[in-house]
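This is input27.cif (mmCIF, C-alpha atoms and all ligand atoms).
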data_upload
loop_
_atom_site.group_PDB
_atom_site.id
_atom_site.type_symbol
_atom_site.label_atom_id
_atom_site.label_comp_id
_atom_site.auth_asym_id
_atom_site.auth_seq_id
_atom_site.Cartn_x
_atom_site.Cartn_y
_atom_site.Cartn_z
ATOM 1 C CA MET A 56 0.000 0.000 0.000
ATOM 2 C CA GLY A 57 1.478 3.359 -0.969
ATOM 3 C CA ASN A 58 4.166 4.138 -3.505
ATOM 4 C CA TRP A 59 6.250 6.797 -1.792
ATOM 5 C CA ASN A 60 9.928 6.062 -1.185
ATOM 6 C CA ASP A 61 12.358 7.704 1.259
ATOM 7 C CA SER A 62 13.410 10.326 -1.239
ATOM 8 C CA HIS A 63 9.791 11.390 -1.982
ATOM 9 C CA ALA A 64 9.150 11.584 1.761
ATOM 10 C CA ILE A 65 12.244 13.653 2.596
ATOM 11 C CA SER A 66 11.887 16.131 -0.278
ATOM 12 C CA TYR A 67 8.143 16.585 0.362
ATOM 13 C CA ASP A 68 8.594 17.037 4.098
ATOM 14 C CA GLU A 69 11.393 19.615 3.693
ATOM 15 C CA ARG A 70 9.335 21.764 1.321
ATOM 16 C CA TRP A 71 5.721 21.280 2.427
ATOM 17 C CA GLY A 72 5.806 19.440 5.762
ATOM 18 C CA GLU A 73 5.107 22.462 8.009
ATOM 19 C CA LEU A 74 2.716 25.035 6.568
ATOM 20 C CA GLU A 75 0.921 27.930 8.249
ATOM 21 C CA PHE A 76 -2.157 26.399 6.633
ATOM 22 C CA HIS A 77 -1.633 23.221 8.715
ATOM 23 C CA ARG A 78 -1.833 25.390 11.858
ATOM 24 C CA LYS A 79 -5.179 26.803 10.683
ATOM 25 C CA ILE A 80 -6.777 23.407 10.005
ATOM 26 C CA PRO A 81 -7.964 22.613 13.576
ATOM 27 C CA GLY A 82 -9.982 25.870 13.510
ATOM 28 C CA LEU A 83 -11.211 25.402 9.951
ATOM 29 C CA ALA A 84 -12.281 21.817 10.747
ATOM 30 C CA LYS A 85 -13.943 22.975 14.005
ATOM 31 C CA VAL A 86 -12.106 20.602 16.340
ATOM 32 C CA GLU A 87 -13.724 20.476 19.784
ATOM 33 C CA PRO A 88 -12.381 19.291 23.156
ATOM 34 C CA GLY A 89 -12.545 15.521 23.578
ATOM 35 C CA TYR A 90 -12.714 14.793 19.847
ATOM 36 C CA SER A 91 -11.489 11.463 18.532
ATOM 37 C CA ILE A 92 -9.767 12.210 15.215
ATOM 38 C CA LEU A 93 -8.327 9.993 12.499
ATOM 39 C CA GLU A 94 -5.899 11.598 10.051
ATOM 40 C CA LEU A 95 -5.161 9.757 6.807
ATOM 41 C CA GLY A 96 -1.949 10.258 4.848
ATOM 42 C CA CYS A 97 -0.409 12.201 7.733
ATOM 43 C CA GLY A 98 3.040 12.509 6.141
ATOM 44 C CA GLY A 99 5.615 13.797 8.623
ATOM 45 C CA GLY A 100 2.958 14.391 11.273
ATOM 46 C CA PHE A 101 2.980 18.175 11.668
ATOM 47 C CA LEU A 102 -0.780 18.549 11.174
ATOM 48 C CA ALA A 103 -1.549 15.637 13.531
ATOM 49 C CA ILE A 104 0.461 17.432 16.233
ATOM 50 C CA CYS A 105 -1.398 20.712 15.574
ATOM 51 C CA LEU A 106 -4.679 18.775 15.919
ATOM 52 C CA ALA A 107 -3.604 17.066 19.160
ATOM 53 C CA GLN A 108 -2.574 20.413 20.668
ATOM 54 C CA SER A 109 -5.633 22.332 19.469
ATOM 55 C CA ALA A 110 -8.103 21.518 22.257
ATOM 56 C CA GLN A 111 -8.264 19.625 25.547
ATOM 57 C CA SER A 112 -8.413 15.829 25.547
ATOM 58 C CA VAL A 113 -8.270 15.512 21.770
ATOM 59 C CA LYS A 114 -7.088 12.070 20.684
ATOM 60 C CA VAL A 115 -5.463 11.667 17.262
ATOM 61 C CA SER A 116 -4.636 8.505 15.343
ATOM 62 C CA ALA A 117 -2.637 9.334 12.233
ATOM 63 C CA LEU A 118 -1.885 6.872 9.437
ATOM 64 C CA ASP A 119 0.539 6.878 6.562
ATOM 65 C CA PRO A 120 1.771 3.884 4.541
ATOM 66 C CA THR A 121 5.267 5.367 4.008
ATOM 67 C CA GLU A 122 7.765 4.112 6.592
ATOM 68 C CA LYS A 123 9.950 7.238 6.363
ATOM 69 C CA MET A 124 6.941 9.525 6.928
ATOM 70 C CA ILE A 125 6.026 7.643 10.110
ATOM 71 C CA ALA A 126 9.648 7.903 11.305
ATOM 72 C CA LEU A 127 9.598 11.698 10.732
ATOM 73 C CA ALA A 128 6.220 11.915 12.490
ATOM 74 C CA ASN A 129 7.475 10.048 15.541
ATOM 75 C CA GLU A 130 10.491 12.397 15.730
ATOM 76 C CA ARG A 131 8.111 15.386 15.737
ATOM 77 C CA LYS A 132 5.931 13.731 18.371
ATOM 78 C CA GLU A 133 8.940 13.255 20.635
ATOM 79 C CA LYS A 134 10.012 16.900 20.220
ATOM 80 C CA ALA A 135 6.452 18.062 20.966
ATOM 81 C CA ASP A 136 6.469 15.955 24.130
ATOM 82 C CA LEU A 137 3.079 14.404 23.399
ATOM 83 C CA ARG A 138 1.951 11.135 24.987
ATOM 84 C CA SER A 139 0.749 8.082 23.093
ATOM 85 C CA SER A 140 -2.656 8.516 24.719
ATOM 86 C CA GLN A 141 -2.881 11.863 22.851
ATOM 87 C CA ILE A 142 -1.424 10.895 19.489
ATOM 88 C CA GLN A 143 -0.295 7.760 17.736
ATOM 89 C CA PHE A 144 1.287 7.314 14.330
ATOM 90 C CA ILE A 145 0.584 4.062 12.516
ATOM 91 C CA GLN A 146 2.110 2.800 9.284
ATOM 92 C CA ALA A 147 -0.981 1.981 7.202
ATOM 93 C CA GLY A 148 -2.918 3.157 4.162
ATOM 94 C CA ALA A 149 -6.338 4.803 4.244
ATOM 95 C CA GLU A 150 -7.775 1.561 2.893
ATOM 96 C CA GLN A 151 -6.759 -0.396 5.989
ATOM 97 C CA ARG A 152 -9.010 -0.719 9.012
ATOM 98 C CA VAL A 153 -6.652 -0.291 11.941
ATOM 99 C CA ALA A 154 -9.229 -0.425 14.727
ATOM 100 C CA GLU A 155 -12.793 -1.552 15.214
ATOM 101 C CA ASP A 156 -13.597 1.965 16.370
ATOM 102 C CA THR A 157 -16.953 3.282 15.140
ATOM 103 C CA SER A 158 -16.968 6.409 17.249
ATOM 104 C CA LEU A 159 -14.730 8.836 15.393
ATOM 105 C CA ASP A 160 -15.847 12.470 15.499
ATOM 106 C CA LEU A 161 -13.694 13.655 12.640
ATOM 107 C CA VAL A 162 -11.578 12.248 9.811
ATOM 108 C CA ILE A 163 -9.031 14.545 8.176
ATOM 109 C CA ALA A 164 -7.142 14.049 4.937
ATOM 110 C CA ALA A 165 -4.795 16.861 3.904
ATOM 111 C CA PHE A 166 -3.333 16.704 0.388
ATOM 112 C CA SER A 167 -3.593 12.927 0.463
ATOM 113 C CA VAL A 168 -6.833 11.642 -1.138
ATOM 114 C CA HIS A 169 -5.427 11.854 -4.687
ATOM 115 C CA HIS A 170 -2.603 9.539 -3.582
ATOM 116 C CA TRP A 171 -4.858 6.742 -2.300
ATOM 117 C CA GLN A 172 -4.640 3.550 -4.336
ATOM 118 C CA GLN A 173 -8.231 2.408 -3.577
ATOM 119 C CA PRO A 174 -10.260 5.530 -2.745
ATOM 120 C CA LYS A 175 -13.673 3.787 -2.770
ATOM 121 C CA LEU A 176 -12.517 1.133 -0.317
ATOM 122 C CA ALA A 177 -10.865 3.810 1.829
ATOM 123 C CA MET A 178 -14.004 5.948 1.897
ATOM 124 C CA SER A 179 -16.237 3.057 2.972
ATOM 125 C CA THR A 180 -13.730 2.208 5.738
ATOM 126 C CA ILE A 181 -13.849 5.837 6.894
ATOM 127 C CA PHE A 182 -17.650 5.920 6.742
ATOM 128 C CA ASN A 183 -17.857 2.834 8.966
ATOM 129 C CA GLY A 184 -15.407 4.309 11.472
ATOM 130 C CA LEU A 185 -17.302 7.590 11.962
ATOM 131 C CA LYS A 186 -20.125 7.953 14.429
ATOM 132 C CA SER A 187 -23.467 9.198 13.165
ATOM 133 C CA GLY A 188 -23.084 12.964 12.764
ATOM 134 C CA GLY A 189 -19.302 12.562 12.448
ATOM 135 C CA ARG A 190 -17.542 14.541 9.749
ATOM 136 C CA ILE A 191 -14.866 14.147 7.105
ATOM 137 C CA TRP A 192 -12.694 17.172 6.241
ATOM 138 C CA ILE A 193 -10.528 17.056 3.126
ATOM 139 C CA CYS A 194 -8.193 19.642 1.631
ATOM 140 C CA GLU A 195 -6.215 19.752 -1.590
ATOM 141 C CA ASP A 196 -3.760 22.370 -2.829
ATOM 142 C CA LEU A 197 -4.975 23.445 -6.255
ATOM 143 C CA ASN A 198 -1.490 24.565 -7.314
ATOM 144 C CA MET A 199 0.926 22.170 -5.583
ATOM 145 C CA PRO A 200 2.965 20.150 -8.099
ATOM 146 C CA ILE A 201 2.776 16.348 -7.913
ATOM 147 C CA GLU A 202 5.960 14.717 -6.546
ATOM 148 C CA GLY A 203 7.910 13.722 -9.713
ATOM 149 C CA ASP A 204 7.132 10.160 -10.769
ATOM 150 C CA LEU A 205 4.204 9.385 -8.448
ATOM 151 C CA GLU A 206 0.981 7.997 -9.897
ATOM 152 C CA VAL A 207 -2.004 9.976 -8.682
ATOM 153 C CA ASP A 208 -5.705 10.338 -9.421
ATOM 154 C CA THR A 209 -5.978 13.982 -10.509
ATOM 155 C CA SER A 210 -9.802 13.833 -10.428
ATOM 156 C CA LEU A 211 -9.440 13.648 -6.631
ATOM 157 C CA LYS A 212 -7.643 17.000 -6.559
ATOM 158 C CA ALA A 213 -10.854 18.680 -7.775
ATOM 159 C CA TYR A 214 -14.190 19.319 -6.044
ATOM 160 C CA GLU A 215 -16.313 17.286 -8.480
ATOM 161 C CA GLY A 216 -14.242 14.104 -8.070
ATOM 162 C CA ILE A 217 -14.146 14.379 -4.276
ATOM 163 C CA ARG A 218 -17.878 15.178 -4.116
ATOM 164 C CA ASP A 219 -18.762 12.132 -6.234
ATOM 165 C CA LEU A 220 -16.566 9.866 -4.099
ATOM 166 C CA LEU A 221 -18.128 11.166 -0.876
ATOM 167 C CA GLY A 222 -21.691 11.008 -2.235
ATOM 168 C CA SER A 223 -21.332 7.446 -3.498
ATOM 169 C CA SER A 224 -19.966 6.428 -0.079
ATOM 170 C CA GLY A 225 -23.076 7.669 1.769
ATOM 171 C CA PHE A 226 -21.918 11.079 2.981
ATOM 172 C CA VAL A 227 -24.374 13.997 3.010
ATOM 173 C CA SER A 228 -24.181 17.787 3.425
ATOM 174 C CA ILE A 229 -21.141 18.029 1.152
ATOM 175 C CA ILE A 230 -19.765 21.567 1.333
ATOM 176 C CA ARG A 231 -16.976 23.193 -0.676
ATOM 177 C CA SER A 232 -14.904 26.214 0.319
ATOM 178 C CA LEU A 233 -11.617 27.828 -0.667
ATOM 179 C CA SER A 234 -8.840 29.213 1.509
ATOM 180 C CA THR A 235 -6.237 31.341 -0.245
ATOM 181 C CA SER A 236 -2.963 32.647 1.152
ATOM 182 C CA ASP A 237 0.583 33.242 -0.083
ATOM 183 C CA GLU A 238 1.161 29.505 0.553
ATOM 184 C CA GLY A 239 -1.405 28.429 -2.004
ATOM 185 C CA GLU A 240 -5.018 28.037 -3.010
ATOM 186 C CA PHE A 241 -6.593 25.362 -0.867
ATOM 187 C CA LEU A 242 -9.787 23.537 -1.788
ATOM 188 C CA ILE A 243 -11.701 22.323 1.274
ATOM 189 C CA VAL A 244 -14.476 19.722 1.095
ATOM 190 C CA GLU A 245 -16.433 18.709 4.196
ATOM 191 C CA ALA A 246 -19.195 16.130 4.580
ATOM 192 C CA THR A 247 -21.205 14.417 7.287
ATOM 193 C CA LYS A 248 -22.202 10.828 8.050
ATOM 194 C CA PRO A 249 -25.988 10.849 8.499
HETATM 195 C C1 LIG B 301 1.276 15.105 -0.361
HETATM 196 S S1 LIG B 301 1.608 14.119 1.073
HETATM 197 C C2 LIG B 301 0.647 14.928 2.335
HETATM 198 C C3 LIG B 301 1.215 14.741 3.710
HETATM 199 C C4 LIG B 301 0.510 15.505 4.824
HETATM 200 N N1 LIG B 301 -0.889 15.148 4.931
HETATM 201 C C5 LIG B 301 0.627 16.995 4.723
HETATM 202 O O1 LIG B 301 -0.356 17.696 4.967
HETATM 203 O O2 LIG B 301 1.732 17.499 4.460
HETATM 204 C C6 LIG B 301 0.654 12.676 0.686
HETATM 205 C C7 LIG B 301 0.803 11.542 1.662
HETATM 206 O O3 LIG B 301 -0.102 10.511 1.272
HETATM 207 C C8 LIG B 301 0.487 9.288 1.644
HETATM 208 N N2 LIG B 301 -0.184 8.150 0.988
HETATM 209 C C9 LIG B 301 0.173 7.470 -0.137
HETATM 210 N N3 LIG B 301 -0.674 6.443 -0.341
HETATM 211 C C10 LIG B 301 -1.596 6.494 0.661
HETATM 212 C C11 LIG B 301 -2.721 5.685 1.023
HETATM 213 N N4 LIG B 301 -3.092 4.633 0.294
HETATM 214 N N5 LIG B 301 -3.388 5.990 2.150
HETATM 215 C C12 LIG B 301 -3.032 7.063 2.910
HETATM 216 N N6 LIG B 301 -1.993 7.861 2.608
HETATM 217 C C13 LIG B 301 -1.279 7.585 1.517
HETATM 218 C C14 LIG B 301 1.950 9.465 1.294
HETATM 219 O O4 LIG B 301 2.780 8.536 1.978
HETATM 220 C C15 LIG B 301 2.191 10.908 1.717
HETATM 221 O O5 LIG B 301 2.687 10.988 3.030
#
Output the file's structure as C-alpha cells, nothing else.
Ligand SMILES: C[S@@+](CC[C@H](N)C(=O)[O-])C[C@H]1O[C@@H](n2cnc3c(N)ncnc32)[C@H](O)[C@@H]1O
Amino acid sequence: MGNWNDSHAISYDERWGELEFHRKIPGLAKVEPGYSILELGCGGGFLAICLAQSAQSVKVSALDPTEKMIALANERKEKADLRSSQIQFIQAGAEQRVAEDTSLDLVIAAFSVHHWQQPKLAMSTIFNGLKSGGRIWICEDLNMPIEGDLEVDTSLKAYEGIRDLLGSSGFVSIIRSLSTSDEGEFLIVEATKP
C-alpha cells in the first residue's frame, strides 16, 4: 500500500511538511475538546500534532503507509512531548481498518486523497469508522505540483471528483470552500455521516 519512497518523503517534508495552513486546520475543521480524530496520509505528522494540541483531551490517530513519513512523524511527536494517549502514528494506508472503532468524530485528509490507491474502499472504511453525525474534512492544494514520478488520481484533486466519491460512499451535506494565502489556493471539502 502506498508508492512513496524515502526520497519522496524527505523532499516533500522539507518543502511542504510544516505550513501555516496546517496550523489553521484545527480551527477550519472545528475541532472540539474531547474529539477522537483519524488523520489519513499524515506525512511527517505536523498537522496531527497541531490537531492534538488544538483543544483539551483531543485524541489523534494518524496513518501513513510510508515508513519514512512515520519515522519523521514520531520524531516530531517526541520533540512536541506528546503522549501516546494523545497521538499515535501508525504505518498503514487509508484503505486499511486499523481499529474496530466506530466512534470517530472527525476524519481529516490533507493533500492525500489523490494519492490513495483504492479511494472507494478507503471511503467506505472511513464511513464505517465515523459515528453518526461525524464529519470528514478534506483539503487539496490546487497549485501544488505532484511529486515527480508518483501515480495519482488527478480527479481527486478537484471538487467534483471528491464530491462524487463522498456522495457514493453515503456522505451527506457536502460543502466546498476555498482558503487562499501566499502559501497556495486550498480547496476544502467537508461532509457528514448521516
Ligand atoms: C502530499 S503528502 C501529504 C502529507 C501531509 N498530509 C501533509 O499535509 O503534508 C501525501 C501523503 O499521502 C500518503 N499516501 C500514499 N498512499 C496512501 C494511502 N493509500 N493511504 C493514505 N496515505 C497515503 C503518502 O505517503 C504521503 O505521506
Inset, instruction - Find the residues near ligand LIG 301 (chain B). Use a cut-off of 9 Å, count all atoms listed in the file, and write them as a PyMOL selection string. - result: chain A and resi 56-60+63-64+67-68+71-74+77+94-103+118-125+147-151+163-174+177+194-195+199+201-202
Inset, instruction - Using the chain letters and residue numbers of this document, give as a ChimeraX atom specification the residues selected by the PyMOL selection byres (((chain A and resi 81) around 10) and not hetatm). - result: /A:76-80,82-87,102-103,105-110,163
With 6 Å added on each side, what axis-aligned box encloses every listed atom of stretch 164-167 of chain A? Give the centre and edge lengths in Å to one decimal, as lines of an AutoDock Vina configuration file.
center_x = -5.2
center_y = 14.9
center_z = 2.7
size_x = 15.8
size_y = 15.9
size_z = 16.5
Go through stretch 123-213 of chain A and flag each residue having an atom no more than 8 Å from stretch 221-243 of chain A; for those, report the closest pair of atoms plus their distance in Å to one decimal, using only C-alpha atoms, ordered by chain and rising number, as CSV.
residue,atom,partner,partner_atom,distance
A:Lys175,CA,A:Ser224,CA,7.3
A:Met178,CA,A:Ser224,CA,6.3
A:Ser179,CA,A:Ser224,CA,5.9
A:Phe182,CA,A:Ser224,CA,7.2
A:Trp192,CA,A:Ile243,CA,7.2
A:Ile193,CA,A:Ile243,CA,5.7
A:Cys194,CA,A:Ile243,CA,4.4
A:Glu195,CA,A:Leu242,CA,5.2
A:Asp196,CA,A:Phe241,CA,4.6
A:Leu197,CA,A:Glu240,CA,5.6
A:Asn198,CA,A:Glu240,CA,6.6
A:Met199,CA,A:Gly239,CA,7.6
A:Ala213,CA,A:Leu242,CA,7.8
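Distances to A:Ser139 were evaluated for A:Val244, A:Leu176, A:Val115, A:Leu93 using all atoms listed in the file, and the minimum falls at A:Val115.
Reported to one decimal place, the separation of atom CA of A:Asp61 from atom CA of A:Ala135 is 23.0 Å.
Between atom CA of A:Glu215 and atom CA of A:Asn183 the interatomic distance comes to 22.7 Å.
Residues lying within 10 Å of A:Asp156, counting all atoms listed in the file and ignoring same-chain neighbours fewer than 3 positions away, are A:Ser91, A:Arg152, A:Val153, A:Leu159, A:Asn183, A:Gly184, A:Leu185, A:Lys186.
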File dump, residues just selected, C-alpha atoms, as a PDB file, keeping the file's coordinate frame:
ATOM      1  CA  SER A  91     -11.489  11.463  18.532  1.00  0.00           C
ATOM      2  CA  ARG A 152      -9.010  -0.719   9.012  1.00  0.00           C
ATOM      3  CA  VAL A 153      -6.652  -0.291  11.941  1.00  0.00           C
ATOM      4  CA  LEU A 159     -14.730   8.836  15.393  1.00  0.00           C
ATOM      5  CA  ASN A 183     -17.857   2.834   8.966  1.00  0.00           C
ATOM      6  CA  GLY A 184     -15.407   4.309  11.472  1.00  0.00           C
ATOM      7  CA  LEU A 185     -17.302   7.590  11.962  1.00  0.00           C
ATOM      8  CA  LYS A 186     -20.125   7.953  14.429  1.00  0.00           C
TER       9      LYS A 186
END
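Interatomic distance, atom CA of A:Val113 against atom CA of A:Ile142: 8.6 Å.
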Hits from the PyMOL selection byres (((chain A and resi 89) around 6) and not hetatm), listed as an mmCIF file with C-alpha atoms, in the coordinates of the input:
data_model
loop_
_atom_site.group_PDB
_atom_site.id
_atom_site.type_symbol
_atom_site.label_atom_id
_atom_site.label_comp_id
_atom_site.auth_asym_id
_atom_site.auth_seq_id
_atom_site.Cartn_x
_atom_site.Cartn_y
_atom_site.Cartn_z
ATOM 1 C CA PRO A 88 -12.381 19.291 23.156
ATOM 2 C CA TYR A 90 -12.714 14.793 19.847
ATOM 3 C CA SER A 112 -8.413 15.829 25.547
ATOM 4 C CA VAL A 113 -8.270 15.512 21.770
#
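When all atoms listed in the file are used to compute distances to A:Gln111, the closest of the residues A:Ile181, A:Gln141, A:Asp208, A:Glu133 turns out to be A:Gln141.
Nearest residue to A:Gln143 among A:Glu75, A:Asp219, A:Glu155, A:Glu130 is A:Glu130, counting only C-alpha atoms.
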Legend entry - Residue nearest A:Lys114 among A:Val207, A:Ala128, A:Ile145, A:Leu161 (counting only C-alpha atoms): A:Leu161
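If you measure from each of A:Glu206, A:Lys212, A:Ile191, A:Phe144 to A:Asn129 using all atoms listed in the file, the closest one turns out to be A:Phe144.
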